[in-house]
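Asker: Let me begin by handing over the structure; questions about it come next.
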2 protein chains.
Amino acid sequence: MNAFAILGDQVRRRILELISSGEKRAGDVVEVIQEEFGITQAAVSQHLRVLRESGFATVRQQGAARLYCIENKALTELDNWLERMRGNWQTHLDKLDAEIKKES
Amino acid sequence: MNAFAILGDQVRRRILELISSGEKRAGDVVEVIQEEFGITQAAVSQHLRVLRESGFATVRQQGAARLYCIENKALTELDNWLERMRGNWQTHLDKLDAEIKKES
DNA sequence: GTCTTATATAACAAGACTCTTATATGATAT
DNA sequence: ATATCATATAAGAGTCTTGTTATATAAGAC
């Protein structure tokens, strides 16, 4: 799965939001997601795994708990792509502008 | 499909790149995608449809051809989300910084 | 050690996605 | 009107995703 596909899932986006402001225990994430989406602990854990393996999140053990934290490197990839798209588009608009000015 | 899911597909991202610098005939898009991904005209047409229906692209008829163009509104949605994520993350980092300074 | 708590994994079912081939539509040319 | 070109749609197959239940692992409490 590529970075965009990872974010294609609503639940994963929400998890990222939850861990983006700082470390959260897996259990706390589960609690919120369960309330909001009504899915099982297992399902949430699988999403956490996807985020881990794709580099969107990092984990560390703390006692019996596991703390998840967002890793902004992956977000950067997305951002770069959007930036490039916007760039192309803008170039196009600029050309149109130039056309219009030439005509008038 | 949400905006992120739309971009989850490699082919669709490539199509967006192709039409981001200005209008392109469906046929021209098909040609490039076919060469790069080896899929049929029908498959490309289906992706174009997804992009159309999700608001990522607009079309207009020109003779027998249909011209596709990127619509940047949808990209904005993604951008906003990334911005917000980065914001949360940054706030978190700032807090850590403050912590460290207090300690030293 | 045994029990409990926190989390991950396995196996599988249901549904969504993305192709394919075949066919339809709609514009242009003759 | 018919043929052709450009593109879209339909129906179906295979695959991928995302859930579920059941179970495993691993840490801490007693």
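Residue numbers start at 1 in each chain; chains themselves are named A, B, ... in the order of the structure tokens; ligands are numbered from 1 in the order shown.
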Show me, as a list in words, every residue of chain C with an atom at most 8 Å from chain B, counting only C-alpha atoms (C1' of nucleotides).

Answerer: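 Taking only C-alpha atoms (C1' of nucleotides) into account, DT18, DC19, DG26, DA27 and DT28 of chain C sit within 8 Å of chain B.
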
Asker: Deliver the residues from the most recent selection as a file, using C-alpha atoms (C1' of nucleotides), as a PDB file, in the first residue's frame.

Answerer:
```pdb
ATOM      1  C1'  DT C  18      -9.814  -2.907 -10.601  1.00  0.00           C
ATOM      2  C1'  DC C  19      -9.162  -5.255 -14.268  1.00  0.00           C
ATOM      3  C1'  DG C  26     -22.340   9.737 -30.071  1.00  0.00           C
ATOM      4  C1'  DA C  27     -19.727  12.760 -33.380  1.00  0.00           C
ATOM      5  C1'  DT C  28     -17.647  13.168 -37.948  1.00  0.00           C
TER       6       DT C  28
END
```

Asker: Please, which residues of chain D lie no more than 8 Å from chain A when the count uses only C-alpha atoms (C1' of nucleotides), and can they be set out as a list in words?

Answerer: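 That gives the following set of residues: DT18, DG19, DA26, DA27 and DG28 of chain D.
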
Asker: If I take CA of Val44 in chain A and C1' of DC17 in chain C, how far is one from the other in Å, to one decimal?

Answerer: 22.1 Å

Asker: Using only C-alpha atoms and a cut-off of 9 Å, which residues of chain A sit close to chain B? Please list them as a PyMOL selection string.

Answerer: chain A and resi 1-10+16-17+19-22+70-72+75-76+78-79+82-93

Asker: DSSP on the backbone: what in chain B comes out alpha helix (DSSP H), as a PDB file with C-alpha atoms, in the first residue's frame?

Answerer:
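The new file states-v7.pdb reads:
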```
ATOM      1  CA  ALA B   3     -10.487  12.068  -1.673  1.00  0.00           C
ATOM      2  CA  PHE B   4      -7.634  10.047  -0.207  1.00  0.00           C
ATOM      3  CA  ALA B   5      -8.998   6.769  -1.485  1.00  0.00           C
ATOM      4  CA  ILE B   6      -9.268   8.281  -4.949  1.00  0.00           C
ATOM      5  CA  LEU B   7      -5.558   9.037  -4.856  1.00  0.00           C
ATOM      6  CA  GLN B  10      -1.353   4.734  -8.824  1.00  0.00           C
ATOM      7  CA  VAL B  11      -3.035   5.009 -12.207  1.00  0.00           C
ATOM      8  CA  ARG B  12      -5.373   7.731 -11.053  1.00  0.00           C
ATOM      9  CA  ARG B  13      -2.520   9.716  -9.557  1.00  0.00           C
ATOM     10  CA  ARG B  14      -0.685   9.475 -12.840  1.00  0.00           C
ATOM     11  CA  ILE B  15      -3.760  10.597 -14.755  1.00  0.00           C
ATOM     12  CA  LEU B  16      -4.065  13.602 -12.492  1.00  0.00           C
ATOM     13  CA  GLU B  17      -0.461  14.455 -13.179  1.00  0.00           C
ATOM     14  CA  LEU B  18      -1.131  14.246 -16.893  1.00  0.00           C
ATOM     15  CA  ILE B  19      -4.122  16.554 -16.792  1.00  0.00           C
ATOM     16  CA  SER B  20      -2.750  18.883 -14.162  1.00  0.00           C
ATOM     17  CA  ALA B  26      -9.105  11.201 -23.113  1.00  0.00           C
ATOM     18  CA  GLY B  27      -7.351   9.394 -25.923  1.00  0.00           C
ATOM     19  CA  ASP B  28      -4.011  10.983 -25.107  1.00  0.00           C
ATOM     20  CA  VAL B  29      -4.371   9.999 -21.484  1.00  0.00           C
ATOM     21  CA  VAL B  30      -5.250   6.466 -22.548  1.00  0.00           C
ATOM     22  CA  GLU B  31      -2.177   6.308 -24.732  1.00  0.00           C
ATOM     23  CA  VAL B  32       0.249   7.266 -21.967  1.00  0.00           C
ATOM     24  CA  ILE B  33      -1.380   5.135 -19.300  1.00  0.00           C
ATOM     25  CA  GLN B  34      -1.545   2.171 -21.594  1.00  0.00           C
ATOM     26  CA  GLU B  35       2.125   2.438 -22.292  1.00  0.00           C
ATOM     27  CA  GLU B  36       3.059   2.891 -18.662  1.00  0.00           C
ATOM     28  CA  PHE B  37       0.676   0.445 -17.028  1.00  0.00           C
ATOM     29  CA  GLN B  41      -8.826   1.715 -22.821  1.00  0.00           C
ATOM     30  CA  ALA B  42     -11.862   0.593 -20.851  1.00  0.00           C
ATOM     31  CA  ALA B  43      -9.906   0.543 -17.605  1.00  0.00           C
ATOM     32  CA  VAL B  44      -8.545   4.031 -18.193  1.00  0.00           C
ATOM     33  CA  SER B  45     -11.999   5.288 -19.065  1.00  0.00           C
ATOM     34  CA  GLN B  46     -13.275   3.881 -15.785  1.00  0.00           C
ATOM     35  CA  HIS B  47     -10.585   5.716 -13.869  1.00  0.00           C
ATOM     36  CA  LEU B  48     -11.467   8.906 -15.685  1.00  0.00           C
ATOM     37  CA  ARG B  49     -15.012   8.368 -14.605  1.00  0.00           C
ATOM     38  CA  VAL B  50     -13.989   8.006 -10.977  1.00  0.00           C
ATOM     39  CA  LEU B  51     -11.996  11.231 -11.203  1.00  0.00           C
ATOM     40  CA  ARG B  52     -14.936  12.990 -12.810  1.00  0.00           C
ATOM     41  CA  GLU B  53     -17.485  11.776 -10.303  1.00  0.00           C
ATOM     42  CA  ASN B  72      -7.946  21.684  -7.790  1.00  0.00           C
ATOM     43  CA  LYS B  73     -10.768  21.896  -5.290  1.00  0.00           C
ATOM     44  CA  ALA B  74     -10.372  18.242  -4.345  1.00  0.00           C
ATOM     45  CA  LEU B  75      -6.651  18.604  -3.845  1.00  0.00           C
ATOM     46  CA  THR B  76      -7.403  21.355  -1.387  1.00  0.00           C
ATOM     47  CA  GLU B  77      -9.287  18.972   0.861  1.00  0.00           C
ATOM     48  CA  LEU B  78      -6.221  16.753   1.129  1.00  0.00           C
ATOM     49  CA  ASP B  79      -3.980  19.671   1.668  1.00  0.00           C
ATOM     50  CA  ASN B  80      -6.095  20.961   4.510  1.00  0.00           C
ATOM     51  CA  TRP B  81      -5.938  17.635   6.289  1.00  0.00           C
ATOM     52  CA  LEU B  82      -2.180  17.430   5.934  1.00  0.00           C
ATOM     53  CA  GLU B  83      -1.898  20.971   7.189  1.00  0.00           C
ATOM     54  CA  ARG B  84      -3.914  20.107  10.261  1.00  0.00           C
ATOM     55  CA  MET B  85      -1.831  16.993  10.936  1.00  0.00           C
ATOM     56  CA  ARG B  86       1.343  18.912  10.625  1.00  0.00           C
ATOM     57  CA  GLY B  87      -0.096  21.506  12.959  1.00  0.00           C
ATOM     58  CA  ASN B  88      -0.824  18.972  15.705  1.00  0.00           C
ATOM     59  CA  TRP B  89       2.579  17.448  15.316  1.00  0.00           C
ATOM     60  CA  GLN B  90       4.265  20.819  15.456  1.00  0.00           C
ATOM     61  CA  THR B  91       2.415  21.813  18.584  1.00  0.00           C
ATOM     62  CA  HIS B  92       3.619  18.619  20.153  1.00  0.00           C
ATOM     63  CA  LEU B  93       7.215  19.306  19.170  1.00  0.00           C
ATOM     64  CA  ASP B  94       7.001  22.812  20.521  1.00  0.00           C
ATOM     65  CA  LYS B  95       5.812  21.471  23.846  1.00  0.00           C
ATOM     66  CA  LEU B  96       8.737  19.045  23.956  1.00  0.00           C
ATOM     67  CA  ASP B  97      11.119  21.879  23.205  1.00  0.00           C
ATOM     68  CA  ALA B  98       9.676  23.922  26.036  1.00  0.00           C
ATOM     69  CA  GLU B  99      10.028  20.933  28.381  1.00  0.00           C
ATOM     70  CA  ILE B 100      13.669  20.486  27.493  1.00  0.00           C
ATOM     71  CA  LYS B 101      14.489  24.134  27.946  1.00  0.00           C
ATOM     72  CA  LYS B 102      12.821  24.172  31.343  1.00  0.00           C
ATOM     73  CA  GLU B 103      14.918  21.205  32.457  1.00  0.00           C
TER      74      GLU B 103
END
```

Asker: Report the distance between CA of Gln61 in chain A and C1' of DT2 in chain C in Å, rounded to one decimal place.

Answerer: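 Computing it gives 23.7 Å between the two atoms.
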
Asker: Per DSSP on the backbone, filter range 60-90 of chain A down to the residues in strand (DSSP E or B) and report them as a ChimeraX atom specification.

Answerer: /A:60-62,65-70

Asker: Leaving out DT25 in chain C and any residue of its chain fewer than 3 positions from it, which residues lie within 10 Å of it when counting only C-alpha atoms (C1' of nucleotides), given as a ChimeraX atom specification?

Answerer: /D:7-9

Asker: List the neighbours of DA10 in chain D out to 10 Å using only C-alpha atoms (C1' of nucleotides); skip same-chain residues closer than 2 positions along the sequence, and give me the result as a ChimeraX atom specification.

Answerer: /C:22-24 /D:12

Asker: Keeping C-alpha atoms (C1' of nucleotides) for every residue in the selection just given, could you write it to a file as an mmCIF file, in the first residue's frame?

Answerer:
```cif
data_model
loop_
_atom_site.group_PDB
_atom_site.id
_atom_site.type_symbol
_atom_site.label_atom_id
_atom_site.label_comp_id
_atom_site.auth_asym_id
_atom_site.auth_seq_id
_atom_site.Cartn_x
_atom_site.Cartn_y
_atom_site.Cartn_z
ATOM 1 C "C1'" DA C 22 -17.830 -7.269 -25.355
ATOM 2 C "C1'" DT C 23 -20.861 -3.806 -26.615
ATOM 3 C "C1'" DA C 24 -23.096 0.823 -26.757
ATOM 4 C "C1'" DG D 12 -18.232 -10.703 -14.737
#
```

Asker: Between C1' of DA6 in chain D and CA of Gly38 in chain B, what is the distance in Å, rounded to a tenth?

Answerer: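 For C1' of DA6 in chain D relative to CA of Gly38 in chain B, the distance reads 19.4 Å.
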